[in-house]
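Reviewing the structure listed below.
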Amino acid sequence: MAVTRSLNRARSRGFTLVELIMVLMILGVLAATIAPKFVDFSTSARHSAIDAFAASLSSASQMAKTSQVLGNLGAGTAAAMTYVTVEGQPVYLQFGYPTITSIATATAFDANLFLSVASTNTNTVTWRITSATTPTLCAAQYTQAAAAGASPLVVSTSTGC
């Protein structure tokens, strides 16, 4: 009897090779299912970045408008623009809001880090994330105020990020 007990204790001290292989297989299956969810954060990062930049454009235009009103400055027109100073830089206003040439200064944001100015026309400037899957669908657009009493339009498109 004493011999049998010592043999049972010796056998129950570790895992068998089959048990170890099964545990490794289960871990492998879990890793294969979970890993793809953690691998591609770049899409959601670009999505968040373009939305954050659009929010920055909107906030900067509202802050410039507030500075203009509190400073009792003229609203500025297409013919005679006024400006407010943001971090030592002039931000030119048209109808109380930043122009397309000044909005990047108003954000105090280095758009060159991941954005590029895609297009500028008379009233609109568009920034895109060039590393996006479809850069034209991963963009932020600022359209300056077109008339007195009108607000600028900020649009964010992130379906192609």
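Residue numbering restarts at 1 in every chain; chains get A, B, ... in the order shown in the structure tokens, and ligands count up from 1 in that same order.
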
Need the shell around A:Ala54: protein/DNA/RNA residues with any atom at most 7 Å away, counting only C-alpha atoms. Skip same-chain ones fewer than 5 positions apart. Format as a list of chain:residue names?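 With the cut-off at 7 Å, the set is A:Ala140, A:Val154, A:Val155, A:Ser156.
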
DSSP says alpha helix (DSSP H) for which residues of stretch 38-139 of chain A? Put them as a VMD selection string? chain A and resid 38 to 39 42 to 70 103 to 107

Suppose we keep N, CA, C and O atoms; can you now write the selection as a short mmCIF file (atom, residue, chain, number, x, y, z; two decimals), in the first residue's frame?
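Final output, part_37.cif:
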data_model
loop_
_atom_site.label_atom_id
_atom_site.label_comp_id
_atom_site.auth_asym_id
_atom_site.auth_seq_id
_atom_site.Cartn_x
_atom_site.Cartn_y
_atom_site.Cartn_z
N PHE A 38 -6.93 44.05 -32.76
CA PHE A 38 -5.93 44.94 -32.20
C PHE A 38 -4.91 45.40 -33.24
O PHE A 38 -4.20 46.35 -33.00
N VAL A 39 -4.84 44.76 -34.37
CA VAL A 39 -3.83 45.07 -35.35
C VAL A 39 -4.12 46.37 -36.09
O VAL A 39 -3.24 47.20 -36.26
N SER A 42 -5.13 51.89 -37.08
CA SER A 42 -4.83 53.06 -37.90
C SER A 42 -6.09 53.67 -38.50
O SER A 42 -6.21 54.89 -38.60
N THR A 43 -7.06 52.85 -38.88
CA THR A 43 -8.30 53.38 -39.44
C THR A 43 -9.05 54.21 -38.42
O THR A 43 -9.46 55.33 -38.70
N SER A 44 -9.21 53.68 -37.23
CA SER A 44 -9.93 54.44 -36.20
C SER A 44 -9.13 55.66 -35.75
O SER A 44 -9.71 56.69 -35.41
N ALA A 45 -7.81 55.59 -35.80
CA ALA A 45 -6.98 56.75 -35.45
C ALA A 45 -7.16 57.86 -36.47
O ALA A 45 -7.29 59.03 -36.10
N ARG A 46 -7.17 57.51 -37.76
CA ARG A 46 -7.39 58.53 -38.80
C ARG A 46 -8.79 59.11 -38.69
O ARG A 46 -8.99 60.31 -38.85
N HIS A 47 -9.77 58.26 -38.41
CA HIS A 47 -11.15 58.70 -38.24
C HIS A 47 -11.23 59.72 -37.09
O HIS A 47 -11.82 60.79 -37.23
N SER A 48 -10.63 59.40 -35.97
CA SER A 48 -10.63 60.31 -34.82
C SER A 48 -9.86 61.59 -35.10
O SER A 48 -10.27 62.67 -34.69
N ALA A 49 -8.75 61.47 -35.81
CA ALA A 49 -7.92 62.64 -36.11
C ALA A 49 -8.66 63.63 -37.00
O ALA A 49 -8.60 64.84 -36.76
N ILE A 50 -9.35 63.15 -38.01
CA ILE A 50 -10.04 64.07 -38.92
C ILE A 50 -11.23 64.71 -38.21
O ILE A 50 -11.52 65.90 -38.39
N ASP A 51 -11.91 63.95 -37.36
CA ASP A 51 -13.02 64.52 -36.58
C ASP A 51 -12.51 65.56 -35.59
O ASP A 51 -13.13 66.60 -35.38
N ALA A 52 -11.38 65.28 -34.96
CA ALA A 52 -10.78 66.22 -34.01
C ALA A 52 -10.34 67.49 -34.72
O ALA A 52 -10.51 68.60 -34.21
N PHE A 53 -9.78 67.35 -35.91
CA PHE A 53 -9.36 68.53 -36.67
C PHE A 53 -10.56 69.38 -37.07
O PHE A 53 -10.53 70.60 -36.99
N ALA A 54 -11.65 68.73 -37.47
CA ALA A 54 -12.87 69.47 -37.82
C ALA A 54 -13.41 70.21 -36.59
O ALA A 54 -13.83 71.36 -36.68
N ALA A 55 -13.38 69.56 -35.44
CA ALA A 55 -13.82 70.21 -34.21
C ALA A 55 -12.92 71.39 -33.86
O ALA A 55 -13.38 72.43 -33.38
N SER A 56 -11.63 71.23 -34.13
CA SER A 56 -10.68 72.32 -33.90
C SER A 56 -10.98 73.51 -34.80
O SER A 56 -10.91 74.66 -34.37
N LEU A 57 -11.31 73.24 -36.05
CA LEU A 57 -11.68 74.32 -36.98
C LEU A 57 -12.92 75.07 -36.48
O LEU A 57 -12.96 76.30 -36.48
N SER A 58 -13.90 74.32 -36.04
CA SER A 58 -15.13 74.93 -35.55
C SER A 58 -14.88 75.75 -34.28
O SER A 58 -15.36 76.89 -34.18
N SER A 59 -14.13 75.21 -33.36
CA SER A 59 -13.81 75.93 -32.12
C SER A 59 -13.01 77.19 -32.39
O SER A 59 -13.27 78.24 -31.80
N ALA A 60 -12.03 77.09 -33.27
CA ALA A 60 -11.19 78.25 -33.59
C ALA A 60 -12.01 79.37 -34.23
O ALA A 60 -11.81 80.54 -33.92
N SER A 61 -12.93 79.01 -35.10
CA SER A 61 -13.74 80.04 -35.73
C SER A 61 -14.65 80.72 -34.71
O SER A 61 -14.83 81.94 -34.74
N GLN A 62 -15.18 79.95 -33.75
CA GLN A 62 -16.03 80.54 -32.71
C GLN A 62 -15.21 81.41 -31.75
O GLN A 62 -15.67 82.46 -31.30
N MET A 63 -13.99 80.97 -31.43
CA MET A 63 -13.13 81.78 -30.55
C MET A 63 -12.75 83.09 -31.23
O MET A 63 -12.71 84.14 -30.59
N ALA A 64 -12.46 83.04 -32.53
CA ALA A 64 -12.12 84.27 -33.26
C ALA A 64 -13.32 85.22 -33.28
O ALA A 64 -13.18 86.43 -33.10
N LYS A 65 -14.51 84.67 -33.48
CA LYS A 65 -15.72 85.49 -33.47
C LYS A 65 -15.92 86.12 -32.10
O LYS A 65 -16.24 87.31 -31.98
N THR A 66 -15.72 85.35 -31.04
CA THR A 66 -15.86 85.87 -29.68
C THR A 66 -14.85 86.99 -29.42
O THR A 66 -15.19 88.02 -28.84
N SER A 67 -13.61 86.81 -29.87
CA SER A 67 -12.58 87.84 -29.71
C SER A 67 -12.97 89.11 -30.45
O SER A 67 -12.76 90.22 -29.97
N GLN A 68 -13.54 88.94 -31.63
CA GLN A 68 -13.97 90.08 -32.44
C GLN A 68 -15.09 90.84 -31.73
O GLN A 68 -15.06 92.06 -31.64
N VAL A 69 -16.04 90.12 -31.18
CA VAL A 69 -17.18 90.77 -30.50
C VAL A 69 -16.71 91.43 -29.21
O VAL A 69 -17.04 92.60 -28.95
N LEU A 70 -15.94 90.71 -28.38
CA LEU A 70 -15.48 91.26 -27.11
C LEU A 70 -14.52 92.43 -27.31
O LEU A 70 -14.48 93.34 -26.49
N ILE A 103 -7.72 80.39 -41.18
CA ILE A 103 -8.29 79.40 -40.25
C ILE A 103 -7.23 78.45 -39.70
O ILE A 103 -7.28 78.07 -38.53
N ALA A 104 -6.26 78.08 -40.50
CA ALA A 104 -5.20 77.18 -40.00
C ALA A 104 -4.39 77.87 -38.90
O ALA A 104 -4.00 77.24 -37.92
N THR A 105 -4.17 79.18 -39.04
CA THR A 105 -3.48 79.94 -37.99
C THR A 105 -4.33 79.99 -36.74
O THR A 105 -3.82 79.87 -35.63
N ALA A 106 -5.64 80.15 -36.91
CA ALA A 106 -6.55 80.25 -35.77
C ALA A 106 -6.59 78.96 -34.97
O ALA A 106 -6.79 78.98 -33.76
N THR A 107 -6.40 77.82 -35.62
CA THR A 107 -6.42 76.55 -34.90
C THR A 107 -5.14 76.33 -34.10
O THR A 107 -5.13 75.53 -33.18
#

Output as number ranges by chain all residues of stretch 52-127 of chain A that backbone DSSP marks as strand (DSSP E or B). A: 82-86, 89-94, 97-98, 115-120, 124-127

Can I get the selected residues back with N, CA, C and O atoms, as a tab-separated table (two decimals), in the first residue's frame?
chain	number	residue	atom	x	y	z
A	82	THR	N	-10.78	92.79	-41.09
A	82	THR	CA	-10.19	93.11	-39.79
A	82	THR	C	-9.50	91.85	-39.30
A	82	THR	O	-9.61	90.80	-39.93
A	83	TYR	N	-8.78	91.96	-38.19
A	83	TYR	CA	-8.13	90.76	-37.68
A	83	TYR	C	-8.11	90.76	-36.16
A	83	TYR	O	-8.23	91.78	-35.51
A	84	VAL	N	-7.97	89.54	-35.61
A	84	VAL	CA	-7.72	89.34	-34.18
A	84	VAL	C	-6.37	88.64	-34.09
A	84	VAL	O	-5.90	88.06	-35.08
A	85	THR	N	-5.77	88.69	-32.93
A	85	THR	CA	-4.47	88.05	-32.75
A	85	THR	C	-4.63	86.76	-31.96
A	85	THR	O	-5.24	86.77	-30.89
A	86	VAL	N	-4.13	85.68	-32.51
A	86	VAL	CA	-4.15	84.37	-31.84
A	86	VAL	C	-2.71	83.90	-31.71
A	86	VAL	O	-2.03	83.69	-32.71
A	89	GLN	N	-0.22	85.73	-33.75
A	89	GLN	CA	-0.41	85.72	-35.20
A	89	GLN	C	-1.73	86.38	-35.57
A	89	GLN	O	-2.75	86.14	-34.91
A	90	PRO	N	-1.74	87.17	-36.64
A	90	PRO	CA	-3.02	87.77	-37.04
A	90	PRO	C	-3.92	86.74	-37.73
A	90	PRO	O	-3.47	85.94	-38.55
A	91	VAL	N	-5.17	86.76	-37.34
A	91	VAL	CA	-6.18	85.91	-37.96
A	91	VAL	C	-7.20	86.85	-38.60
A	91	VAL	O	-7.93	87.55	-37.90
A	92	TYR	N	-7.20	86.87	-39.92
A	92	TYR	CA	-8.06	87.80	-40.64
A	92	TYR	C	-9.50	87.30	-40.67
A	92	TYR	O	-9.75	86.11	-40.84
A	93	LEU	N	-10.41	88.25	-40.46
A	93	LEU	CA	-11.82	87.93	-40.36
A	93	LEU	C	-12.60	88.51	-41.53
A	93	LEU	O	-12.30	89.60	-41.99
A	94	GLN	N	-13.58	87.76	-41.94
A	94	GLN	CA	-14.54	88.24	-42.92
A	94	GLN	C	-15.91	87.92	-42.35
A	94	GLN	O	-16.21	86.76	-42.04
A	97	TYR	N	-15.73	86.03	-38.88
A	97	TYR	CA	-15.14	84.69	-38.77
A	97	TYR	C	-13.85	84.61	-39.59
A	97	TYR	O	-13.68	85.34	-40.56
A	98	PRO	N	-12.95	83.68	-39.25
A	98	PRO	CA	-11.68	83.56	-39.98
A	98	PRO	C	-11.89	83.25	-41.47
A	98	PRO	O	-12.81	82.51	-41.84
A	115	LEU	N	-1.90	65.91	-42.20
A	115	LEU	CA	-2.87	66.42	-43.16
A	115	LEU	C	-2.18	67.15	-44.28
A	115	LEU	O	-1.07	67.65	-44.13
A	116	SER	N	-2.84	67.23	-45.39
A	116	SER	CA	-2.35	68.09	-46.46
A	116	SER	C	-3.53	68.90	-46.99
A	116	SER	O	-4.66	68.42	-47.01
A	117	VAL	N	-3.26	70.12	-47.37
A	117	VAL	CA	-4.31	70.94	-47.96
A	117	VAL	C	-4.60	70.37	-49.33
A	117	VAL	O	-3.74	70.34	-50.20
A	118	ALA	N	-5.80	69.88	-49.49
A	118	ALA	CA	-6.16	69.21	-50.74
A	118	ALA	C	-6.61	70.20	-51.79
A	118	ALA	O	-6.25	70.08	-52.95
A	119	SER	N	-7.41	71.16	-51.38
A	119	SER	CA	-7.89	72.13	-52.37
A	119	SER	C	-8.35	73.39	-51.67
A	119	SER	O	-8.74	73.39	-50.51
A	120	THR	N	-8.24	74.47	-52.40
A	120	THR	CA	-8.71	75.76	-51.92
A	120	THR	C	-9.40	76.44	-53.10
A	120	THR	O	-8.82	76.54	-54.17
A	124	THR	N	-13.71	77.98	-49.81
A	124	THR	CA	-13.58	76.70	-49.10
A	124	THR	C	-12.15	76.19	-49.15
A	124	THR	O	-11.47	76.30	-50.17
A	125	VAL	N	-11.71	75.60	-48.03
A	125	VAL	CA	-10.42	74.91	-48.00
A	125	VAL	C	-10.67	73.52	-47.43
A	125	VAL	O	-11.47	73.34	-46.53
A	126	THR	N	-9.99	72.53	-48.00
A	126	THR	CA	-10.17	71.14	-47.61
A	126	THR	C	-8.82	70.55	-47.22
A	126	THR	O	-7.84	70.72	-47.93
A	127	TRP	N	-8.81	69.83	-46.09
A	127	TRP	CA	-7.63	69.10	-45.66
A	127	TRP	C	-7.95	67.61	-45.72
A	127	TRP	O	-9.06	67.20	-45.40

Could you tell me which of A:Gly96, A:Gly160, A:Gly74, A:Gly88 comes closest to A:Ala148 if we count only C-alpha atoms?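 Of A:Gly96, A:Gly160, A:Gly74, A:Gly88, the one nearest A:Ala148, counting only C-alpha atoms, is A:Gly96.
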
Could you list, as a list in words, every residue within 10 Å of A:Ala147, counting only C-alpha atoms and ignoring same-chain residues fewer than 2 positions away?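 Here the answer would be Thr77, Ala78, Gln94, Phe95, Gly96, Gln144, Ala145, Gly149, Ala150, Ser151 and Pro152 of chain A.
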